[in-house]
Amino acid sequence: MEVNLSYEPYAEDPEYISTNREFFDTLDLEHVHLVLDLACGTGLISQLLLQRNSALAIRGVDISQESLDIGRRSFRERGVHVESETAWAAAARAGSGVIFLEESPADDLQFENHMFDLAVMGNAIHLMPDKGSFLRGVHRVLKPGGTFAFNSVFFVGTFADDTESFFLEWMKQALAVLGEINARREAKGEGPIPRRRGKGGRAFDKNWMTVEQWRDIVSDSGFKVTQARKRLTSISRKGLELVGAYGGLAEVLMSGYPVDTASECLQEAAGRTFDKLCKTEIGRYWLEVTAVKV
């Protein structure tokens, strides 16, 4: 079974797009021109913002060359992507809508102080190893009064009432799929799928933070938090299959196993879990935070 490990299928899922649109559409773009899209991936959040204000000048940074290449192709087709920082700066000065995507870590920003009106981050802030340092970096590159908005599904409180058992069943089914793969390998005289020792750990115990903890750390980094909430959404069978197939998540949930095998197991297990529990969708909360630099 060949699985697409990239973020693209998940980022193109209508449920995922709709969830992000509902949050990022709440941002006031009236006085916004220069925008920083952190851990931008394929550029979904930038795309949503440009749909609302075609004159935005956006810089997107991400460490995934594959995701950036996908985004560049898409924005080139729309005639808004440029290939250099110089070209971006010229277009920004002219007031043109433009985007420049570059390979760079979100937690090591190389921009000038007080440069951007708005910084956004879609479902990635939980990946930052030193969240306080990261937030201070975002604060530095924002103009006074600039806004930082981010969301995430990886936080304490993400599971709707009585749904954690569903996600644990998903992991149980993924291991069952792995067992079937190993059985087929054994029948052919091959060894089991190898797992690197020391890479294990509970899939849903990754030092996540509560809404209150996020509010506190954002405030401690020099921001005034204007919104910190969790919002209930739903995931369909197809949506969870796409989530499971994403290599970046599979690497965490089934750490130590080859990522292509982990992705295959999680994708197959998603459908089995919905069938076993007789569900058509499952609730999950998103964390949504908006803050202003003070």
# chains A, B, ... in the order shown; residues from 1 in each chain; ligands from 1

call {"tool": "closest_atom_pairs", "arguments": {"of": "segment 37-94 of chain A", "to": "segment 105-128 of chain A", "cutoff": "6 Å", "atoms": "only C-alpha atoms", "output": "Markdown table"}}
result
| residue | atom | partner | partner_atom | distance |
| --- | --- | --- | --- | --- |
| A:Asp37 | CA | A:Val120 | CA | 5.1 |
| A:Leu38 | CA | A:Met121 | CA | 5.0 |
| A:Ala39 | CA | A:Ala106 | CA | 5.7 |
| A:Asp62 | CA | A:Pro105 | CA | 5.8 |
| A:Ile63 | CA | A:Pro105 | CA | 5.5 |

call {"tool": "residues_around", "arguments": {"residues": "Phe159 of chain A", "least_positions_apart": "4", "cutoff": "6 Å", "atoms": "only C-alpha atoms", "output": "PDB file with N, CA and C atoms, in the first residue's frame"}}
result
ATOM      1  N   THR A 163     -14.206  10.868  24.276  1.00  0.00           N
ATOM      2  CA  THR A 163     -13.629  10.515  22.971  1.00  0.00           C
ATOM      3  C   THR A 163     -12.188  10.039  23.057  1.00  0.00           C
ATOM      4  N   GLU A 164     -11.535  10.216  24.220  1.00  0.00           N
ATOM      5  CA  GLU A 164     -10.150   9.776  24.306  1.00  0.00           C
ATOM      6  C   GLU A 164     -10.046   8.280  24.028  1.00  0.00           C
ATOM      7  N   ARG A 284     -13.442  16.872  18.354  1.00  0.00           N
ATOM      8  CA  ARG A 284     -12.140  17.245  18.893  1.00  0.00           C
ATOM      9  C   ARG A 284     -12.064  18.758  18.978  1.00  0.00           C
TER      10      ARG A 284
END

call {"tool": "residues_around", "arguments": {"residues": "Val61 of chain A", "least_positions_apart": "3", "cutoff": "6 Å", "atoms": "only C-alpha atoms", "output": "list in words"}}
result
Leu38, Ala39, Cys40, Leu101, Glu102, Glu103 and Ser104 of chain A

call {"tool": "write_last_selection", "arguments": {"atoms": "N, CA and C atoms", "output": "PDB file, in the first residue's frame"}}
result
ATOM      1  N   LEU A  38       4.339  31.468   9.914  1.00  0.00           N
ATOM      2  CA  LEU A  38       5.327  30.628  10.576  1.00  0.00           C
ATOM      3  C   LEU A  38       4.989  29.146  10.416  1.00  0.00           C
ATOM      4  N   ALA A  39       6.022  28.325  10.099  1.00  0.00           N
ATOM      5  CA  ALA A  39       5.799  26.900   9.826  1.00  0.00           C
ATOM      6  C   ALA A  39       4.663  26.772   8.817  1.00  0.00           C
ATOM      7  N   CYS A  40       4.816  27.472   7.710  1.00  0.00           N
ATOM      8  CA  CYS A  40       3.727  27.699   6.760  1.00  0.00           C
ATOM      9  C   CYS A  40       3.313  26.464   5.985  1.00  0.00           C
ATOM     10  N   LEU A 101       8.105  32.192  -0.115  1.00  0.00           N
ATOM     11  CA  LEU A 101       8.255  31.060   0.779  1.00  0.00           C
ATOM     12  C   LEU A 101       9.719  30.647   0.827  1.00  0.00           C
ATOM     13  N   GLU A 102      10.245  30.473   2.033  1.00  0.00           N
ATOM     14  CA  GLU A 102      11.660  30.133   2.157  1.00  0.00           C
ATOM     15  C   GLU A 102      11.875  29.066   3.216  1.00  0.00           C
ATOM     16  N   GLU A 103      12.918  28.275   2.999  1.00  0.00           N
ATOM     17  CA  GLU A 103      13.257  27.204   3.933  1.00  0.00           C
ATOM     18  C   GLU A 103      14.020  27.795   5.117  1.00  0.00           C
ATOM     19  N   SER A 104      13.378  27.796   6.265  1.00  0.00           N
ATOM     20  CA  SER A 104      13.975  28.384   7.459  1.00  0.00           C
ATOM     21  C   SER A 104      13.171  27.941   8.673  1.00  0.00           C
TER      22      SER A 104
END

call {"tool": "residues_around", "arguments": {"residues": "Asp28 of chain A", "least_positions_apart": "2", "cutoff": "12 Å", "atoms": "only C-alpha atoms", "output": "PyMOL selection string"}}
result
chain A and resi 23-26+30-33+49+52-53+117-118+146-149+290+292

call {"tool": "residues_around", "arguments": {"residues": "Ser54 of chain A", "least_positions_apart": "2", "cutoff": "10 Å", "atoms": "only C-alpha atoms", "output": "list in words"}}
result
His33, Gln47, Leu49, Leu50, Gln51, Arg52, Leu56, Ala57, Val80, Ser96, Gly97 and Val98 of chain A

call {"tool": "write_last_selection", "arguments": {"atoms": "C-alpha atoms", "output": "tab-separated table (two decimals), in the first residue's frame"}}
result
chain	number	residue	atom	x	y	z
A	33	HIS	CA	0.20	44.77	5.08
A	47	GLN	CA	-3.90	31.42	0.93
A	49	LEU	CA	-5.51	35.51	4.15
A	50	LEU	CA	-4.86	36.48	0.52
A	51	GLN	CA	-8.41	35.51	-0.35
A	52	ARG	CA	-9.57	38.16	2.10
A	56	LEU	CA	-0.95	41.46	1.61
A	57	ALA	CA	2.81	40.96	1.41
A	80	VAL	CA	1.82	36.03	-6.57
A	96	SER	CA	1.36	44.60	-4.37
A	97	GLY	CA	-0.01	41.34	-3.08
A	98	VAL	CA	2.96	38.94	-2.95

call {"tool": "atom_distance", "arguments": {"atom1": "atom CA of Leu142 of chain A", "atom2": "atom CA of Lys230 of chain A"}}
result
24.8 Å

call {"tool": "select_by_dssp", "arguments": {"residues": "segment 84-178 of chain A", "states": "strand (DSSP E or B)", "output": "PyMOL selection string"}}
result
chain A and resi 98-103+116-122+142-152+159

call {"tool": "closest_residue", "arguments": {"among": "A:Pro129, A:Gly189, A:Pro194, A:Pro9", "to": "Pro258 of chain A", "atoms": "only C-alpha atoms"}}
result
A:Pro194

call {"tool": "closest_atom_pairs", "arguments": {"of": "segment 73-174 of chain A", "to": "segment 215-224 of chain A", "cutoff": "7 Å", "atoms": "only C-alpha atoms", "output": "CSV"}}
result
residue,atom,partner,partner_atom,distance
A:Gly132,CA,A:Ile217,CA,6.6
A:Leu135,CA,A:Ser221,CA,6.1
A:Arg136,CA,A:Ser221,CA,5.4
A:His139,CA,A:Gly222,CA,6.9

call {"tool": "write_last_selection", "arguments": {"atoms": "N, CA and C atoms", "output": "short mmCIF file (atom, residue, chain, number, x, y, z; two decimals), in the first residue's frame"}}
result
data_model
loop_
_atom_site.label_atom_id
_atom_site.label_comp_id
_atom_site.auth_asym_id
_atom_site.auth_seq_id
_atom_site.Cartn_x
_atom_site.Cartn_y
_atom_site.Cartn_z
N GLY A 132 8.89 29.44 24.98
CA GLY A 132 9.13 30.80 25.46
C GLY A 132 10.07 31.55 24.54
N LEU A 135 8.27 32.39 21.26
CA LEU A 135 7.32 33.49 21.39
C LEU A 135 8.03 34.84 21.50
N ARG A 136 9.16 34.86 22.19
CA ARG A 136 9.92 36.11 22.28
C ARG A 136 10.46 36.50 20.91
N HIS A 139 7.57 38.05 19.07
CA HIS A 139 7.35 39.38 19.64
C HIS A 139 8.35 40.38 19.07
#

call {"tool": "atom_distance", "arguments": {"atom1": "atom CA of Arg72 of chain A", "atom2": "atom CA of Leu44 of chain A"}}
result
11.5 Å

call {"tool": "residues_around", "arguments": {"residues": "Met171 of chain A", "least_positions_apart": "3", "cutoff": "9 Å", "atoms": "only C-alpha atoms", "output": "list in words"}}
result
Phe166, Phe167, Leu168, Ala174, Leu175, Ala176, Ala203, Leu253, Met254, Leu266, Ala269 and Ala270 of chain A

call {"tool": "atom_distance", "arguments": {"atom1": "atom CA of Val259 of chain A", "atom2": "atom CA of Gly191 of chain A"}}
result
17.5 Å

call {"tool": "residues_around", "arguments": {"residues": "Leu178 of chain A", "least_positions_apart": "5", "cutoff": "9 Å", "atoms": "only C-alpha atoms", "output": "VMD selection string"}}
result
chain A and resid 173 183 193 261 to 262 264 to 265

call {"tool": "closest_residue", "arguments": {"among": "A:Leu68, A:Val177, A:Val225, A:Val289", "to": "Gln267 of chain A", "atoms": "only C-alpha atoms"}}
result
A:Val177

call {"tool": "closest_residue", "arguments": {"among": "A:Gly95, A:Gly79, A:Gly256, A:Gly41", "to": "Gln65 of chain A", "atoms": "only C-alpha atoms"}}
result
A:Gly41

call {"tool": "select_by_dssp", "arguments": {"residues": "segment 22-267 of chain A", "states": "helix (DSSP H, G or I)", "output": "ChimeraX atom specification"}}
result
/A:22-24,44-52,65-77,85-93,125-127,131-141,164-187,211-220,237-245,247-253,259-267
